[in-house]
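Shown next, in structure tokens, is the structure this report addresses.
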Protein chains: 2
Amino acid sequence: MFDLESWAAPRREMLQQKMDALFADAWPEPFRAMCLHSLQTGGKRMRPLLTLAAFEAVDGGNPEHAVPAALAIELVHTYSLVHDDMPCMDDDAERRGKPTTHVLFGDDMALLVGDALLTEAFRLLTDPALPPELAIAQVRELSTSAGYLGMVGGQASDLGAGGPVTDVETLTRLHRGKTGGLIRCAVRMGAMAGGAKPMQLQALTHFAEAVGLAFQLADDVLDAEEDAGSDGPPSFVKLMGVEGTNAKARELAAQARGALEAVPQADALEALALFTVERKV
Amino acid sequence: MFDLESWAAPRREMLQQKMDALFADAWPEPFRAMCLHSLQTGGKRMRPLLTLAAFEAVDGGNPEHAVPAALAIELVHTYSLVHDDMPCMDDDAERRGKPTTHVLFGDDMALLVGDALLTEAFRLLTDPALPPELAIAQVRELSTSAGYLGMVGGQASDLGAGGPVTDVETLTRLHRGKTGGLIRCAVRMGAMAGGAKPMQLQALTHFAEAVGLAFQLADDVLDAEEDAGSDGPPSFVKLMGVEGTNAKARELAAQARGALEAVPQADALEALALFTVERKV
């Protein structure tokens with residue numbers, strides 16, 4: 001029986017140690033603490049763990065080759081939270097019980113901290129230990145998934161840039177970008193680092209897409225249980241009902257499990273997927 | 001006699017055509033116009049022209065290899081303007097006579113547009129036409145120059161993250177990051193694309209550092225002439241006087257010219273440097 005926590009704990013600690021060492025030689029020196037704050041408020045580190053698990057699933061390379069990508073995906077996720085929390089977006093004063101970056105350091109510094117985290121994510125992928133072909137493929141993957149074709153586009157849609165979202169197809173596309181993009185990217189960057197064969201990469205991509213959407217469906221059910229009101233953003237529960245949403249999530253979970261048959265070491269990925277869908281990441 | 005405008009005009013037009021074609025397939029579709037707005041308000045395109053001129057100065061490669069870097073540097077410069085113009089930073093409603101991104105589309109969209117431009121800059125460097133070694137070296141250069149070790153760090157210092165700036169050394173370091181970083185990066189990415197030899201790359205780096213700082217000195221003299229008040233941000237004129245600042249700018253210009261002796265085709269670079277120092281970029 002695979003125990004997720006025994007697998008995740010040492011990896012989470014390794015990631016935190018590497019993150020604590022980031023932004024060395026920052027100038028001005030106090031800017032370093034501002035950049036590190038949002039990386040030191042806990043979090044389940046689901047995306048970088050997906051990267052490491054996808055690497056281990058195909059089991060074909062130098063473990064050091066997956067670490068820059070794991071850190072980069074967490075930096076991109078974290079920059080998006082720092083910017084999202086700002087007053088001109090969601091205006092959140094706390095995250096995981098701690099004050100958000102803009103509350104501690106001001107809106108101007110939060111804007112710069114987000115910009116610094118995003119930029120540093122790409123710098124991490126230029127680690128000289130990575131073969132250039134792998135590094136540039138990962139930069140392509142991350143910039144595509146995080147930018148206007150992925151996360152940022154999904155956020156723009158969520159904020160109404162394309163008008164109100166009133167159907168399942170549009171909502172699916174929104175979430176495929178907003179939350180699904182980084183989950184897909186996390187898995188693919190890890191698989192690439194592990195030297196996945198084309199068929200394996202394709203299967204893991206299907207896996208990641210199913211998990212990403214199932215996560216959102218589960219999240220919508222959770223939100224609907226907490227708040228029965230009809231206000232707020234569009235959700236799958238509003239468009240398909242609780243039962244329809246749960247049925248779709250089960251279907252996607254089955255697809256994700258099926259996709260994992262293509263890789264030799266799927267235990268950690270499968271456990272993470274279950275965990276991702278069952279709880280808020 | 002080298003005519004800068006005859007050299008620059010067709011290159012500026014080529015760059016604009018390439019920029020107009022960016023953010024294709026954006027979703028939601030209206031987000032595309034939001035991303036393009038700040039790229040279509042004119043500007044002298046000094047940084048991408050420096051990239052192309054540095055490429056031509058060493059004259060050693062495929063001209064297509066310099067174009068992604070030229071576009072990327074302009075996208076990074078433009079993202080920094082979009083974020084700088086926001087109410088939580090400089091709160092500027094107009095730039096070059098046109099409304100700024102946040103005035104037209106809201107603060108939330110301006111934040112996302114800046115994020116999208118920055119992310120897309122890195123995606124452009126993954127152009128499959130570039131050799132992976134060159135592409136990843138350019139990603140390293142751009143992420144170092146634009147992030148906490150360069151532009152963003154300089155901006156954080158300018159906003160007081162390190163306390164008040166009261167001496168020439170600190171002010172020099174601030175501007176070396178804030179404005180000098182991208183100028184240095186623009187020149188170095190172009191030189192790399194042109195296959196510069198190590199000595200040439202070193203000389204062009206000295207050239208770019210001298211030009212970047214001379215630009216800032218000239219800018220401070222210009223600002224001091226426009227506004228004799230002693231309020232406002234720290235400046236070289238306040239710390240060294242108009243005469244001292246002009247003398248330092250002349251010294252740097254001489255250093256920049258001297259550095260250009262190491263490359264075979266320096267006409268465009270020299271003219272751009274003169275233009276950069278004489279006018280506001």
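Here's how to read the names in the structure tokens: chain A, B, ... by the order shown, residue numbers from 1 in each chain, ligand numbers from 1 in the order shown.
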Can you pull out every residue within 8 Å of Gly147 (chain B), counting only C-alpha atoms, but drop anything in the same chain fewer than 2 positions away, and send it as a PDB file with N, CA and C atoms, in the first residue's frame?
```
ATOM      1  N   ASP A 115       6.249  39.955 -10.102  1.00  0.00           N
ATOM      2  CA  ASP A 115       7.069  40.034 -11.323  1.00  0.00           C
ATOM      3  C   ASP A 115       8.403  39.316 -11.124  1.00  0.00           C
ATOM      4  N   ALA A 116       8.992  39.487  -9.931  1.00  0.00           N
ATOM      5  CA  ALA A 116      10.296  38.855  -9.652  1.00  0.00           C
ATOM      6  C   ALA A 116      10.165  37.335  -9.592  1.00  0.00           C
ATOM      7  N   THR A 119       9.722  35.966 -13.173  1.00  0.00           N
ATOM      8  CA  THR A 119      10.972  36.044 -13.927  1.00  0.00           C
ATOM      9  C   THR A 119      11.976  35.011 -13.433  1.00  0.00           C
ATOM     10  N   GLU A 120      12.027  34.835 -12.109  1.00  0.00           N
ATOM     11  CA  GLU A 120      12.974  33.882 -11.521  1.00  0.00           C
ATOM     12  C   GLU A 120      12.632  32.440 -11.909  1.00  0.00           C
TER      13      GLU A 120
ATOM     14  N   SER B 143      16.245  36.722 -18.089  1.00  0.00           N
ATOM     15  CA  SER B 143      15.666  36.536 -16.753  1.00  0.00           C
ATOM     16  C   SER B 143      16.568  37.150 -15.682  1.00  0.00           C
ATOM     17  N   THR B 144      17.867  37.142 -15.911  1.00  0.00           N
ATOM     18  CA  THR B 144      18.789  37.765 -14.947  1.00  0.00           C
ATOM     19  C   THR B 144      18.658  39.287 -15.001  1.00  0.00           C
ATOM     20  N   SER B 145      18.612  39.846 -16.189  1.00  0.00           N
ATOM     21  CA  SER B 145      18.575  41.307 -16.345  1.00  0.00           C
ATOM     22  C   SER B 145      17.228  41.903 -15.961  1.00  0.00           C
ATOM     23  N   LEU B 149      17.693  40.518  -9.823  1.00  0.00           N
ATOM     24  CA  LEU B 149      19.102  40.906  -9.954  1.00  0.00           C
ATOM     25  C   LEU B 149      19.287  42.072 -10.917  1.00  0.00           C
ATOM     26  N   GLY B 150      18.200  42.531 -11.545  1.00  0.00           N
ATOM     27  CA  GLY B 150      18.301  43.599 -12.542  1.00  0.00           C
ATOM     28  C   GLY B 150      17.190  44.622 -12.400  1.00  0.00           C
ATOM     29  N   MET B 151      16.325  44.660 -13.413  1.00  0.00           N
ATOM     30  CA  MET B 151      15.309  45.714 -13.481  1.00  0.00           C
ATOM     31  C   MET B 151      14.393  45.756 -12.263  1.00  0.00           C
ATOM     32  N   VAL B 152      13.823  44.613 -11.886  1.00  0.00           N
ATOM     33  CA  VAL B 152      12.866  44.611 -10.768  1.00  0.00           C
ATOM     34  C   VAL B 152      13.557  45.010  -9.460  1.00  0.00           C
ATOM     35  N   GLY B 153      14.782  44.538  -9.259  1.00  0.00           N
ATOM     36  CA  GLY B 153      15.542  44.946  -8.080  1.00  0.00           C
ATOM     37  C   GLY B 153      15.779  46.452  -8.068  1.00  0.00           C
TER      38      GLY B 153
END
```
Chain B in the frame of chain A after full C-alpha superposition, as a CSV table (one decimal) with C-alpha atoms, in the first residue's frame:
```csv
chain,number,residue,atom,x,y,z
B,1,MET,CA,0.0,0.0,0.0
B,2,PHE,CA,1.5,3.3,-1.1
B,3,ASP,CA,1.7,5.9,1.6
B,4,LEU,CA,1.5,9.4,0.0
B,5,GLU,CA,2.7,11.3,3.1
B,6,SER,CA,5.9,9.2,3.5
B,7,TRP,CA,6.6,9.9,-0.1
B,8,ALA,CA,5.7,13.6,-0.1
B,9,ALA,CA,7.2,14.7,3.2
B,10,PRO,CA,11.0,14.5,2.4
B,11,ARG,CA,10.3,15.9,-1.1
B,12,ARG,CA,8.4,18.8,0.4
B,13,GLU,CA,11.3,19.5,2.8
B,14,MET,CA,13.8,19.3,0.0
B,15,LEU,CA,11.7,21.8,-2.1
B,16,GLN,CA,11.4,24.2,0.9
B,17,GLN,CA,15.2,24.1,1.5
B,18,LYS,CA,15.8,25.0,-2.1
B,19,MET,CA,13.2,27.8,-2.0
B,20,ASP,CA,14.6,29.2,1.2
B,21,ALA,CA,17.9,29.6,-0.6
B,22,LEU,CA,16.4,31.5,-3.6
B,23,PHE,CA,16.9,35.3,-4.2
B,24,ALA,CA,20.4,35.1,-2.8
B,25,ASP,CA,22.4,38.4,-3.4
B,26,ALA,CA,19.1,40.3,-3.8
B,27,TRP,CA,19.7,44.0,-3.9
B,28,PRO,CA,18.4,46.0,-2.1
B,29,GLU,CA,18.7,43.3,0.6
B,30,PRO,CA,15.3,43.8,2.2
B,31,PHE,CA,13.7,42.9,-1.1
B,32,ARG,CA,14.9,39.3,-0.6
B,33,ALA,CA,12.6,38.8,2.4
B,34,MET,CA,9.7,40.3,0.4
B,35,CYS,CA,10.3,37.8,-2.4
B,36,LEU,CA,10.6,34.8,0.0
B,37,HIS,CA,7.5,35.7,2.2
B,38,SER,CA,4.9,34.1,-0.1
B,39,LEU,CA,7.1,31.0,-0.6
B,40,GLN,CA,7.3,30.4,3.1
B,41,THR,CA,3.6,30.3,4.1
B,42,GLY,CA,3.2,26.6,3.8
B,43,GLY,CA,1.0,25.1,1.1
B,44,LYS,CA,0.8,21.5,0.0
B,45,ARG,CA,3.3,22.0,-2.9
B,46,MET,CA,1.0,19.9,-5.1
B,47,ARG,CA,2.3,21.2,-8.4
B,48,PRO,CA,6.0,20.6,-7.8
B,49,LEU,CA,5.2,17.2,-6.2
B,50,LEU,CA,3.3,16.4,-9.5
B,51,THR,CA,6.5,17.3,-11.4
B,52,LEU,CA,8.6,15.0,-9.2
B,53,ALA,CA,6.1,12.2,-9.4
B,54,ALA,CA,5.8,12.4,-13.2
B,55,PHE,CA,9.6,12.3,-13.3
B,56,GLU,CA,9.7,9.2,-11.1
B,57,ALA,CA,6.8,7.6,-13.1
B,58,VAL,CA,8.8,7.3,-16.2
B,59,ASP,CA,12.0,6.7,-14.2
B,60,GLY,CA,14.5,7.5,-16.8
B,61,GLY,CA,16.9,10.2,-15.8
B,62,ASN,CA,19.0,12.2,-13.5
B,63,PRO,CA,16.9,13.2,-10.5
B,64,GLU,CA,18.5,16.7,-10.4
B,65,HIS,CA,16.9,17.3,-13.8
B,66,ALA,CA,13.4,17.5,-12.3
B,67,VAL,CA,14.2,19.9,-9.5
B,68,PRO,CA,14.5,23.2,-11.4
B,69,ALA,CA,11.1,22.5,-13.1
B,70,ALA,CA,9.5,21.7,-9.7
B,71,LEU,CA,10.7,25.0,-8.2
B,72,ALA,CA,9.8,26.9,-11.3
B,73,ILE,CA,6.2,25.7,-11.3
B,74,GLU,CA,5.8,26.6,-7.6
B,75,LEU,CA,7.2,30.1,-8.2
B,76,VAL,CA,4.8,30.6,-11.1
B,77,HIS,CA,1.9,29.4,-8.9
B,78,THR,CA,3.0,31.6,-6.1
B,79,TYR,CA,3.4,34.7,-8.3
B,80,SER,CA,-0.1,34.2,-9.5
B,81,LEU,CA,-1.4,34.1,-5.8
B,82,VAL,CA,0.6,37.3,-4.9
B,83,HIS,CA,-0.9,39.2,-7.8
B,84,ASP,CA,-4.4,37.7,-7.3
B,85,ASP,CA,-4.4,38.8,-3.7
B,86,MET,CA,-3.8,42.4,-4.6
B,87,PRO,CA,-6.6,45.0,-4.0
B,88,CYS,CA,-7.2,45.4,-7.8
B,89,MET,CA,-7.9,41.7,-8.1
B,90,ASP,CA,-9.4,39.6,-5.2
B,91,ASP,CA,-8.2,41.9,-2.3
B,92,ASP,CA,-7.3,39.1,0.1
B,93,ALA,CA,-5.5,40.2,3.3
B,94,GLU,CA,-4.6,36.7,4.5
B,95,ARG,CA,-3.6,33.4,2.9
B,96,ARG,CA,-3.2,30.3,5.1
B,97,GLY,CA,-3.5,32.4,8.2
B,98,LYS,CA,-0.7,34.8,7.3
B,99,PRO,CA,-0.8,38.3,5.9
B,100,THR,CA,-0.5,38.5,2.2
B,101,THR,CA,2.5,40.2,0.5
B,102,HIS,CA,0.8,43.5,-0.3
B,103,VAL,CA,-0.6,43.8,3.2
B,104,LEU,CA,3.0,43.4,4.6
B,105,PHE,CA,5.0,45.4,2.1
B,106,GLY,CA,2.5,47.5,0.1
B,107,ASP,CA,0.9,47.1,-3.3
B,108,ASP,CA,3.8,48.5,-5.2
B,109,MET,CA,6.2,45.9,-3.7
B,110,ALA,CA,3.7,43.1,-4.1
B,111,LEU,CA,3.5,43.9,-7.8
B,112,LEU,CA,7.3,43.8,-8.1
B,113,VAL,CA,7.5,40.6,-6.0
B,114,GLY,CA,5.1,38.8,-8.3
B,115,ASP,CA,7.1,40.0,-11.3
B,116,ALA,CA,10.3,38.9,-9.7
B,117,LEU,CA,8.9,35.4,-8.9
B,118,LEU,CA,7.7,34.9,-12.5
B,119,THR,CA,11.0,36.0,-13.9
B,120,GLU,CA,13.0,33.9,-11.5
B,121,ALA,CA,11.0,30.8,-12.5
B,122,PHE,CA,12.4,31.1,-16.0
B,123,ARG,CA,15.9,31.8,-14.7
B,124,LEU,CA,15.8,28.5,-12.7
B,125,LEU,CA,15.2,26.6,-15.9
B,126,THR,CA,18.5,27.8,-17.2
B,127,ASP,CA,20.4,25.8,-14.6
B,128,PRO,CA,23.6,24.7,-16.3
B,129,ALA,CA,23.0,21.2,-15.1
B,130,LEU,CA,20.1,20.8,-17.5
B,131,PRO,CA,20.8,19.7,-21.2
B,132,PRO,CA,19.9,22.8,-23.3
B,133,GLU,CA,17.3,20.8,-25.3
B,134,LEU,CA,15.4,19.9,-22.1
B,135,ALA,CA,15.7,23.3,-20.6
B,136,ILE,CA,14.3,25.1,-23.6
B,137,ALA,CA,11.5,22.6,-24.0
B,138,GLN,CA,10.6,23.3,-20.3
B,139,VAL,CA,10.7,27.1,-20.9
B,140,ARG,CA,8.4,26.6,-23.9
B,141,GLU,CA,6.0,24.5,-21.8
B,142,LEU,CA,6.0,26.9,-18.8
B,143,SER,CA,5.6,30.1,-20.9
B,144,THR,CA,2.8,28.5,-22.9
B,145,SER,CA,0.9,27.2,-19.9
B,146,ALA,CA,1.4,30.3,-17.7
B,147,GLY,CA,0.8,33.0,-20.3
B,148,TYR,CA,-2.1,34.2,-22.5
B,149,LEU,CA,-2.6,30.7,-23.9
B,150,GLY,CA,-3.0,29.3,-20.4
B,151,MET,CA,-3.3,30.6,-16.8
B,152,VAL,CA,-3.3,34.3,-17.6
B,153,GLY,CA,-5.9,33.8,-20.4
B,154,GLY,CA,-8.1,31.8,-18.0
B,155,GLN,CA,-7.8,34.5,-15.4
B,156,ALA,CA,-8.8,37.2,-18.0
B,157,SER,CA,-11.8,35.1,-18.9
B,158,ASP,CA,-12.7,34.6,-15.2
B,159,LEU,CA,-12.6,38.4,-14.8
B,160,GLY,CA,-15.0,38.8,-17.7
B,161,ALA,CA,-12.7,39.8,-20.5
B,162,GLY,CA,-14.8,37.6,-22.9
B,163,GLY,CA,-18.2,38.5,-21.3
B,164,PRO,CA,-20.2,36.4,-18.9
B,165,VAL,CA,-19.5,32.7,-18.8
B,166,THR,CA,-22.8,30.9,-19.1
B,167,ASP,CA,-22.2,27.4,-20.6
B,168,VAL,CA,-20.2,24.3,-19.7
B,169,GLU,CA,-17.9,24.5,-22.7
B,170,THR,CA,-16.8,28.0,-22.0
B,171,LEU,CA,-16.4,27.3,-18.3
B,172,THR,CA,-14.3,24.2,-19.1
B,173,ARG,CA,-12.0,26.2,-21.4
B,174,LEU,CA,-11.7,28.9,-18.7
B,175,HIS,CA,-10.5,26.3,-16.1
B,176,ARG,CA,-8.4,24.4,-18.5
B,177,GLY,CA,-6.4,27.6,-18.7
B,178,LYS,CA,-6.7,29.1,-15.2
B,179,THR,CA,-6.0,26.0,-13.1
B,180,GLY,CA,-5.5,23.2,-15.5
B,181,GLY,CA,-2.6,24.8,-17.4
B,182,LEU,CA,-0.1,24.7,-14.5
B,183,ILE,CA,-1.2,21.2,-13.5
B,184,ARG,CA,-0.7,19.9,-17.0
B,185,CYS,CA,2.6,21.8,-17.2
B,186,ALA,CA,3.8,20.4,-13.9
B,187,VAL,CA,3.3,16.9,-15.0
B,188,ARG,CA,4.7,17.4,-18.5
B,189,MET,CA,7.9,19.2,-17.3
B,190,GLY,CA,8.6,16.3,-14.9
B,191,ALA,CA,7.9,13.7,-17.6
B,192,MET,CA,10.3,15.5,-20.0
B,193,ALA,CA,13.0,15.6,-17.4
B,194,GLY,CA,12.6,11.9,-16.9
B,195,GLY,CA,13.0,11.2,-20.6
B,196,ALA,CA,9.4,10.1,-21.2
B,197,LYS,CA,8.8,8.4,-24.5
B,198,PRO,CA,6.3,10.2,-26.8
B,199,MET,CA,3.5,7.7,-25.9
B,200,GLN,CA,4.2,8.1,-22.2
B,201,LEU,CA,4.3,11.9,-22.5
B,202,GLN,CA,0.9,11.8,-24.3
B,203,ALA,CA,-0.6,9.5,-21.7
B,204,LEU,CA,0.6,11.7,-18.8
B,205,THR,CA,-0.7,14.7,-20.6
B,206,HIS,CA,-4.2,13.1,-20.7
B,207,PHE,CA,-3.8,12.2,-17.0
B,208,ALA,CA,-2.9,15.7,-16.1
B,209,GLU,CA,-5.8,17.3,-18.1
B,210,ALA,CA,-8.3,14.9,-16.5
B,211,VAL,CA,-6.9,15.6,-13.0
B,212,GLY,CA,-6.9,19.4,-13.5
B,213,LEU,CA,-10.5,19.5,-14.6
B,214,ALA,CA,-11.6,16.9,-11.9
B,215,PHE,CA,-9.9,19.2,-9.3
B,216,GLN,CA,-12.0,22.1,-10.5
B,217,LEU,CA,-15.2,20.1,-10.4
B,218,ALA,CA,-14.5,18.9,-6.9
B,219,ASP,CA,-13.7,22.4,-5.9
B,220,ASP,CA,-17.0,23.7,-7.2
B,221,VAL,CA,-18.9,21.0,-5.3
B,222,LEU,CA,-17.1,21.9,-2.1
B,223,ASP,CA,-17.9,25.6,-2.7
B,224,ALA,CA,-21.5,24.8,-3.4
B,225,GLU,CA,-21.8,22.9,-0.1
B,226,GLU,CA,-20.2,25.8,1.8
B,227,ASP,CA,-22.3,28.5,0.2
B,228,ALA,CA,-25.7,27.6,-1.3
B,229,GLY,CA,-26.2,31.1,-2.7
B,230,SER,CA,-26.6,31.7,-6.4
B,231,ASP,CA,-24.3,34.8,-6.5
B,232,GLY,CA,-20.6,34.6,-7.2
B,233,PRO,CA,-18.7,33.3,-10.2
B,234,PRO,CA,-20.1,30.7,-12.7
B,235,SER,CA,-19.5,27.1,-11.5
B,236,PHE,CA,-20.0,23.6,-12.8
B,237,VAL,CA,-22.5,23.0,-10.0
B,238,LYS,CA,-24.7,25.9,-11.2
B,239,LEU,CA,-24.6,24.6,-14.8
B,240,MET,CA,-24.7,20.8,-14.2
B,241,GLY,CA,-26.0,20.4,-10.7
B,242,VAL,CA,-24.2,18.6,-7.8
B,243,GLU,CA,-25.0,15.2,-9.1
B,244,GLY,CA,-23.9,15.9,-12.7
B,245,THR,CA,-20.7,17.5,-11.5
B,246,ASN,CA,-19.8,14.5,-9.3
B,247,ALA,CA,-20.6,12.1,-12.1
B,248,LYS,CA,-18.3,14.1,-14.4
B,249,ALA,CA,-15.5,14.1,-11.8
B,250,ARG,CA,-15.8,10.3,-11.4
B,251,GLU,CA,-15.6,9.9,-15.2
B,252,LEU,CA,-12.4,12.0,-15.3
B,253,ALA,CA,-10.9,10.2,-12.4
B,254,ALA,CA,-11.4,6.9,-14.2
B,255,GLN,CA,-9.8,8.4,-17.4
B,256,ALA,CA,-6.8,9.6,-15.3
B,257,ARG,CA,-6.3,6.1,-13.8
B,258,GLY,CA,-6.5,4.6,-17.2
B,259,ALA,CA,-3.9,6.9,-18.6
B,260,LEU,CA,-1.4,5.8,-15.9
B,261,GLU,CA,-1.3,2.3,-17.3
B,262,ALA,CA,1.2,3.7,-19.9
B,263,VAL,CA,3.9,4.3,-17.2
B,264,PRO,CA,5.9,1.9,-15.1
B,265,GLN,CA,5.9,3.7,-11.7
B,266,ALA,CA,2.5,5.4,-11.2
B,267,ASP,CA,2.0,5.0,-7.4
B,268,ALA,CA,2.9,8.6,-6.4
B,269,LEU,CA,1.1,10.1,-9.4
B,270,GLU,CA,-2.1,8.2,-8.7
B,271,ALA,CA,-2.1,9.0,-5.0
B,272,LEU,CA,-1.4,12.7,-5.7
B,273,ALA,CA,-4.2,12.7,-8.2
B,274,LEU,CA,-6.7,11.3,-5.6
B,275,PHE,CA,-5.5,13.8,-3.1
B,276,THR,CA,-5.7,16.7,-5.5
B,277,VAL,CA,-9.3,15.9,-6.4
B,278,GLU,CA,-10.4,15.1,-2.9
B,279,ARG,CA,-9.1,18.3,-1.3
B,280,LYS,CA,-8.4,21.9,-2.3
B,281,VAL,CA,-4.9,22.2,-3.6
```
